[in-house]
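S.K.: My structure file target-v1.cif, mmCIF, C-alpha atoms and all ligand atoms, is below:
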data_my_file
#
loop_
_atom_site.label_atom_id
_atom_site.label_comp_id
_atom_site.auth_asym_id
_atom_site.auth_seq_id
_atom_site.Cartn_x
_atom_site.Cartn_y
_atom_site.Cartn_z
CA MET A 1 106.31 104.64 108.87
CA LEU A 2 105.83 104.71 105.10
CA SER A 3 108.24 107.63 104.73
CA PHE A 4 110.87 105.91 106.93
CA GLY A 5 110.91 109.03 109.08
CA GLN A 6 111.54 111.26 106.03
CA ASN A 7 108.19 113.09 106.11
CA GLY A 8 109.69 115.98 108.12
CA ARG A 9 112.43 116.53 105.50
CA TRP A 10 109.93 116.34 102.64
CA ARG A 11 107.56 118.72 104.39
CA LYS A 12 110.38 121.20 105.02
CA ALA A 13 111.38 121.09 101.33
CA MET A 14 107.79 121.87 100.33
CA VAL A 15 107.47 124.72 102.82
CA ASP A 16 110.83 126.13 101.60
CA ALA A 17 109.14 126.83 98.25
CA VAL A 18 106.52 128.99 99.98
CA VAL A 19 108.83 130.78 102.43
CA GLY A 20 110.75 132.38 99.55
CA ILE A 21 107.91 134.75 98.56
CA SER A 22 107.20 136.04 102.11
CA PRO A 23 103.43 135.51 101.81
CA SER A 24 100.82 137.27 103.95
CA ARG A 25 98.01 134.72 103.46
CA VAL A 26 98.53 131.01 102.85
CA LEU A 27 96.02 128.17 102.37
CA ASP A 28 96.99 124.65 103.42
CA VAL A 29 94.62 122.13 101.83
CA ALA A 30 94.06 118.66 103.39
CA THR A 31 95.66 120.14 106.47
CA GLY A 32 94.95 117.09 108.66
CA PRO A 33 96.40 117.67 112.14
CA ALA A 34 97.83 121.02 110.91
CA GLY A 35 101.52 120.09 110.99
CA VAL A 36 102.16 121.83 107.66
CA ALA A 37 99.94 124.81 108.55
CA LEU A 38 101.86 125.35 111.80
CA GLN A 39 105.21 125.14 110.05
CA LEU A 40 104.02 127.61 107.40
CA ALA A 41 102.86 130.04 110.10
CA ALA A 42 106.07 129.69 112.12
CA ARG A 43 108.40 130.10 109.14
CA THR A 44 106.57 132.83 107.20
CA GLY A 45 104.68 134.81 109.87
CA ALA A 46 101.72 134.59 107.46
CA GLN A 47 98.09 134.17 108.39
CA VAL A 48 97.47 130.53 107.47
CA THR A 49 94.12 128.86 106.80
CA GLY A 50 94.02 125.07 107.08
CA ILE A 51 91.12 123.32 105.36
CA ASP A 52 90.18 119.64 105.64
CA VAL A 53 87.12 117.53 104.87
CA THR A 54 87.34 115.38 108.04
CA PRO A 55 85.98 116.85 111.31
CA GLN A 56 88.07 114.48 113.47
CA MET A 57 91.24 115.71 111.74
CA LEU A 58 90.29 119.30 112.48
CA LYS A 59 89.69 118.36 116.12
CA ALA A 60 93.24 117.01 116.32
CA ALA A 61 94.45 120.13 114.50
CA GLN A 62 92.70 122.38 117.03
CA ALA A 63 94.50 120.61 119.88
CA ASN A 64 97.84 121.03 118.08
CA LEU A 65 97.21 124.75 117.49
CA ALA A 66 96.54 125.22 121.19
CA ARG A 67 99.93 123.69 122.00
CA SER A 68 101.96 125.78 119.54
CA PRO A 69 103.01 129.47 119.67
CA ALA A 70 102.30 129.66 115.92
CA GLY A 71 98.76 128.37 116.52
CA GLU A 72 97.31 131.85 116.86
CA HIS A 73 98.22 132.51 113.20
CA VAL A 74 96.28 129.48 111.94
CA THR A 75 92.52 129.33 111.25
CA LEU A 76 90.79 126.02 110.55
CA VAL A 77 87.96 125.51 108.06
CA LEU A 78 85.88 122.40 107.31
CA GLY A 79 85.58 121.98 103.55
CA ARG A 80 86.48 120.14 100.37
CA ALA A 81 89.45 120.77 98.11
CA GLU A 82 87.14 120.28 95.13
CA ASP A 83 84.92 123.19 96.17
CA LEU A 84 86.86 125.74 98.19
CA PRO A 85 84.80 128.33 100.09
CA PHE A 86 87.07 131.22 99.08
CA ALA A 87 86.94 133.92 96.41
CA ASP A 88 89.28 133.87 93.41
CA ALA A 89 92.85 135.08 94.08
CA THR A 90 92.51 135.17 97.88
CA PHE A 91 95.88 133.66 98.87
CA ASP A 92 99.54 134.49 98.18
CA ALA A 93 100.43 130.81 98.40
CA LEU A 94 98.79 127.38 98.70
CA SER A 95 100.12 124.01 99.84
CA PHE A 96 98.54 120.57 99.66
CA THR A 97 99.93 117.38 101.11
CA TYR A 98 98.84 113.78 100.42
CA LEU A 99 95.64 115.01 98.75
CA LEU A 100 95.34 114.02 95.09
CA ARG A 101 95.08 110.25 95.75
CA TYR A 102 91.79 110.98 97.55
CA VAL A 103 89.99 113.03 94.92
CA ALA A 104 87.96 111.65 92.00
CA ASP A 105 89.19 114.21 89.47
CA PRO A 106 92.73 115.49 90.18
CA ALA A 107 92.75 117.85 87.16
CA ALA A 108 89.52 119.58 88.22
CA THR A 109 90.74 119.74 91.83
CA LEU A 110 94.02 121.32 90.73
CA ALA A 111 92.09 123.96 88.78
CA GLU A 112 90.03 124.71 91.90
CA LEU A 113 93.18 125.01 94.07
CA VAL A 114 94.84 127.37 91.58
CA ARG A 115 91.67 129.49 91.36
CA VAL A 116 92.05 130.81 94.93
CA VAL A 117 95.74 131.78 94.51
CA LYS A 118 96.79 135.27 93.38
CA PRO A 119 98.60 135.53 90.02
CA GLY A 120 102.30 135.04 90.71
CA GLY A 121 101.56 133.15 93.95
CA VAL A 122 103.22 129.84 94.85
CA ILE A 123 101.52 126.43 94.78
CA ALA A 124 103.45 123.60 96.47
CA SER A 125 102.65 119.95 97.14
CA LEU A 126 103.98 116.80 98.73
CA GLU A 127 102.96 113.21 97.98
CA PHE A 128 104.37 109.72 98.39
CA HIS A 129 105.96 108.22 95.29
CA PRO A 130 107.08 104.67 94.46
CA PRO A 131 110.90 104.55 94.23
CA ARG A 132 112.22 103.54 90.79
CA GLY A 133 114.60 100.83 89.65
CA VAL A 134 116.34 97.90 91.31
CA PRO A 135 116.63 97.31 94.22
CA TRP A 136 114.55 100.20 95.58
CA HIS A 137 111.25 99.56 93.81
CA PRO A 138 111.08 95.82 94.67
CA LEU A 139 112.10 96.58 98.26
CA TRP A 140 109.45 99.33 98.50
CA PHE A 141 106.89 96.93 97.04
CA LEU A 142 107.66 94.21 99.58
CA TYR A 143 107.71 96.74 102.41
CA THR A 144 104.37 98.34 101.51
CA ARG A 145 102.58 95.06 100.72
CA PHE A 146 103.84 92.95 103.63
CA VAL A 147 105.83 94.80 106.31
CA LEU A 148 103.63 97.90 106.58
CA PRO A 149 100.33 95.99 107.01
CA ALA A 150 101.95 93.67 109.57
CA ALA A 151 103.43 96.60 111.48
CA GLY A 152 100.08 98.38 111.35
CA TRP A 153 98.34 95.34 112.78
CA ALA A 154 100.96 94.89 115.52
CA LEU A 155 100.78 98.54 116.55
CA GLY A 156 97.12 99.39 116.09
CA GLY A 157 95.08 96.25 115.45
CA ARG A 158 92.52 95.79 112.71
CA GLU A 159 92.06 99.49 111.89
CA TRP A 160 95.76 100.10 111.24
CA LEU A 161 96.10 96.80 109.40
CA ASP A 162 93.59 98.24 106.92
CA VAL A 163 95.55 101.51 106.68
CA GLY A 164 98.77 99.54 106.11
CA ARG A 165 97.09 97.48 103.38
CA PHE A 166 95.59 100.54 101.68
CA LEU A 167 98.63 102.78 101.27
CA GLY A 168 100.92 100.84 98.93
CA PRO A 169 98.26 99.94 96.33
CA SER A 170 96.82 103.47 96.61
CA ILE A 171 100.19 105.01 95.74
CA SER A 172 100.99 102.54 92.92
CA GLY A 173 97.51 102.95 91.42
CA HIS A 174 97.67 106.74 91.60
CA TYR A 175 100.90 106.92 89.57
CA ARG A 176 99.66 104.32 87.05
CA ARG A 177 96.75 106.64 86.30
CA TYR A 178 98.56 109.93 86.86
CA PRO A 179 102.33 109.63 86.21
CA VAL A 180 104.55 112.59 87.09
CA THR A 181 104.56 113.70 83.44
CA TRP A 182 100.75 113.82 83.56
CA LEU A 183 100.84 115.78 86.83
CA ILE A 184 103.19 118.37 85.36
CA GLY A 185 100.86 118.79 82.39
CA ALA A 186 97.82 119.06 84.65
CA TRP A 187 99.50 121.71 86.82
CA HIS A 188 100.39 123.61 83.68
CA ASP A 189 96.87 123.41 82.28
CA ALA A 190 95.44 124.53 85.62
CA GLY A 191 97.45 127.74 85.24
CA VAL A 192 100.79 127.05 86.94
CA ASP A 193 104.14 128.11 85.43
CA ALA A 194 107.76 127.48 86.41
CA ILE A 195 106.89 123.99 87.67
CA SER A 196 109.63 122.14 89.56
CA THR A 197 109.64 118.56 90.80
CA ARG A 198 111.97 117.00 93.31
CA LEU A 199 112.02 113.29 94.08
CA MET A 200 113.32 112.80 97.59
CA SER A 201 114.75 109.94 99.63
CA LEU A 202 115.47 107.47 96.79
CA GLY A 203 112.25 108.57 95.09
CA GLY A 204 109.93 107.78 98.02
CA GLY A 205 108.54 111.32 98.19
CA LEU A 206 107.62 113.84 95.50
CA VAL A 207 107.70 117.59 96.17
CA MET A 208 106.27 119.84 93.43
CA TRP A 209 105.97 123.60 93.26
CA GLY A 210 105.31 126.38 90.78
CA ARG A 211 103.85 129.84 90.31
CA LYS A 212 100.33 130.77 89.26
CA SER A 213 100.59 132.26 85.81
CA VAL A 214 99.93 136.00 85.67
CA SER A 215 98.14 135.59 82.34
CA HIS A 216 96.00 132.50 83.05
CA SER A 217 92.29 133.30 83.15
CA SER A 218 90.23 130.12 82.67
CA ALA A 219 91.63 127.10 84.46
CA GLY A 220 89.36 124.10 84.63
CA LEU A 221 87.65 122.66 81.60
CA GLU A 222 90.74 122.90 79.44
CA SER A 223 92.79 120.83 81.88
CA GLN A 224 90.16 118.11 82.12
CA VAL A 225 90.00 117.73 78.36
CA ALA A 226 93.69 118.02 77.55
CA HIS A 227 94.93 115.54 80.14
CA GLU A 228 93.09 112.27 80.08
CA PRO A 229 94.61 109.93 82.68
CA ALA A 230 97.12 107.33 81.47
CA LEU A 231 95.73 103.83 81.14
CA PRO A 232 96.58 101.28 83.83
CA GLY A 233 99.89 99.59 83.07
CA THR A 234 101.42 102.61 81.32
CA ASP A 235 103.19 104.13 84.32
CA ARG A 236 105.94 106.38 83.02
CA ALA A 237 106.78 107.83 86.45
C1 LIG B 301 97.25 111.63 104.94
S1 LIG B 301 96.36 112.99 105.56
C2 LIG B 301 97.56 114.28 105.42
C3 LIG B 301 97.35 115.38 106.42
C4 LIG B 301 98.38 116.51 106.37
N1 LIG B 301 98.42 117.13 105.07
C5 LIG B 301 99.74 116.03 106.77
O1 LIG B 301 100.65 115.99 105.96
O2 LIG B 301 99.89 115.68 107.94
C6 LIG B 301 95.26 113.35 104.24
C7 LIG B 301 94.23 114.39 104.60
O3 LIG B 301 93.50 114.75 103.44
C8 LIG B 301 92.18 115.04 103.86
N2 LIG B 301 91.34 114.99 102.67
C9 LIG B 301 91.08 113.92 101.90
N3 LIG B 301 90.29 114.26 100.87
C10 LIG B 301 90.05 115.59 100.98
C11 LIG B 301 89.31 116.54 100.20
N4 LIG B 301 88.67 116.15 99.12
N5 LIG B 301 89.30 117.83 100.61
C12 LIG B 301 89.96 118.21 101.72
N6 LIG B 301 90.67 117.36 102.50
C13 LIG B 301 90.72 116.07 102.12
C14 LIG B 301 91.89 113.97 104.89
O4 LIG B 301 90.79 114.31 105.72
C15 LIG B 301 93.22 113.93 105.64
O5 LIG B 301 93.22 114.83 106.73
#
What is this file in structure tokens?
M.R.:
Amino acid sequence: MLSFGQNGRWRKAMVDAVVGISPSRVLDVATGPAGVALQLAARTGAQVTGIDVTPQMLKAAQANLARSPAGEHVTLVLGRAEDLPFADATFDALSFTYLLRYVADPAATLAELVRVVKPGGVIASLEFHPPRGVPWHPLWFLYTRFVLPAAGWALGGREWLDVGRFLGPSISGHYRRYPVTWLIGAWHDAGVDAISTRLMSLGGGLVMWGRKSVSHSSAGLESQVAHEPALPGTDRA
């Protein structure tokens, strides 16, 4: 509901960035019900690993794999993005969707994601983004603060009311602390080159992708030091 039905388009744009390199092994982080992992497997023919921290999500993912012809190319792993159970340079490509708002230290998490990608491999992501300017930002604000919680309550009761209330402030707060300019710098410091960003659907979604640098050797500490988060109220996104 928050993407106004645009999530499929955004997801396809992110997967397009991975398809181009014809990868053999892909990691999808925060895979949730495995929608991205299945699309990656179907469109690349790669062996895809989907990792997520929530067992219930992986249960839903398992059911979705069983229903899809591409499911046999996807393996599911329980684990945290901040501490991936894979050796350095294991994957040709890596995707992550709606992840960074949930981690305590996005720069350190980015460094960990980049660690498991081979030099020259693709890293691609998708996240919500607050539309800019008038009238889209005020409309988005009203929608996320009032319509979305009400719709959540009407459709799913108390639990979905809480989800509807959470999303808008979570997205606004994330970009106040980590504007797009900060994200680009953090990707770069984590060892990613040729970074591209694409705001989609009036700015409601942000797709980012880039290539792991062939020369980068020590992602991690450097990125945490060089990119302190912006202070609240200084959103440049
Ligand atoms: C909004 S869902 C998105 C799921 C999927 N990427 C999609 O687009 O359908 C966010 C997912 O991130 C997972 N997640 C949150 N924090 C995580 C972490 N630190 N490591 C791995 N997964 C995480 C949650 O369990 C949830 O499945």
S.K.: Please check which protein, DNA or RNA residues sit within 9 Å of ligand LIG 301 (chain B), counting only C-alpha atoms and all ligand atoms, and write them as a PyMOL selection string.
M.R.: chain A and resi 7+11+28-37+51-58+78-84+95-104+109+126-127
S.K.: With a distance cut-off of 10 Å and all atoms listed in the file, select the neighbouring residues of Gly45 in chain A, excluding the residue or stretch itself and same-chain residues fewer than 6 positions from it, and output the selection as a ChimeraX atom specification.
M.R.: /A:19,22-25,39,70,73
S.K.: Do you know which residues are at most 8 Å from Leu148 in chain A counting all atoms listed in the file, after dropping those on the same chain fewer than 5 positions away, and could you put them as an mmCIF file with C-alpha atoms, in the coordinates of the input?
M.R.:
data_model
loop_
_atom_site.group_PDB
_atom_site.id
_atom_site.type_symbol
_atom_site.label_atom_id
_atom_site.label_comp_id
_atom_site.auth_asym_id
_atom_site.auth_seq_id
_atom_site.Cartn_x
_atom_site.Cartn_y
_atom_site.Cartn_z
ATOM 1 C CA MET A 1 106.310 104.640 108.870
ATOM 2 C CA LEU A 2 105.830 104.710 105.100
ATOM 3 C CA TYR A 143 107.710 96.740 102.410
ATOM 4 C CA GLY A 164 98.770 99.540 106.110
ATOM 5 C CA ARG A 165 97.090 97.480 103.380
#
S.K.: Calculate how many Å separate CA of Gly168 in chain A from CA of Arg145 in chain A, rounding to one decimal.
M.R.: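 Spanning CA of Gly168 in chain A to CA of Arg145 in chain A is a straight-line distance of 6.3 Å.
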S.K.: One decimal, in Å: what's the spacing between CA of Lys118 in chain A and CA of Val26 in chain A?
M.R.: 10.5 Å
S.K.: Work out how far CA of Thr49 in chain A is from CA of Thr90 in chain A, in Å to one decimal.
M.R.: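 Pair CA of Thr90 in chain A / CA of Thr49 in chain A returns 11.0 Å.
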S.K.: For each of A:Trp187, A:Trp10, A:Trp182, A:Trp153, take the minimum atom-to-atom distance to Val114 in chain A, counting only C-alpha atoms, then give the residue where this is smallest.
M.R.: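 Of the candidates, the smallest distance to Val114 in chain A is held by A:Trp187.
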S.K.: So, with all atoms listed in the file as the atoms that count, which of A:Pro85, A:Gly191, A:Gly152, A:Gly20 lies closest to Ala111 in chain A?
M.R.: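 Looking at the shortest contact to Ala111 in chain A, the residue is A:Gly191.
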S.K.: Using all atoms listed in the file, which residue out of A:Val74, A:Leu202, A:Ala63, A:Val214 lies closest to Val134 in chain A?
M.R.: A:Leu202
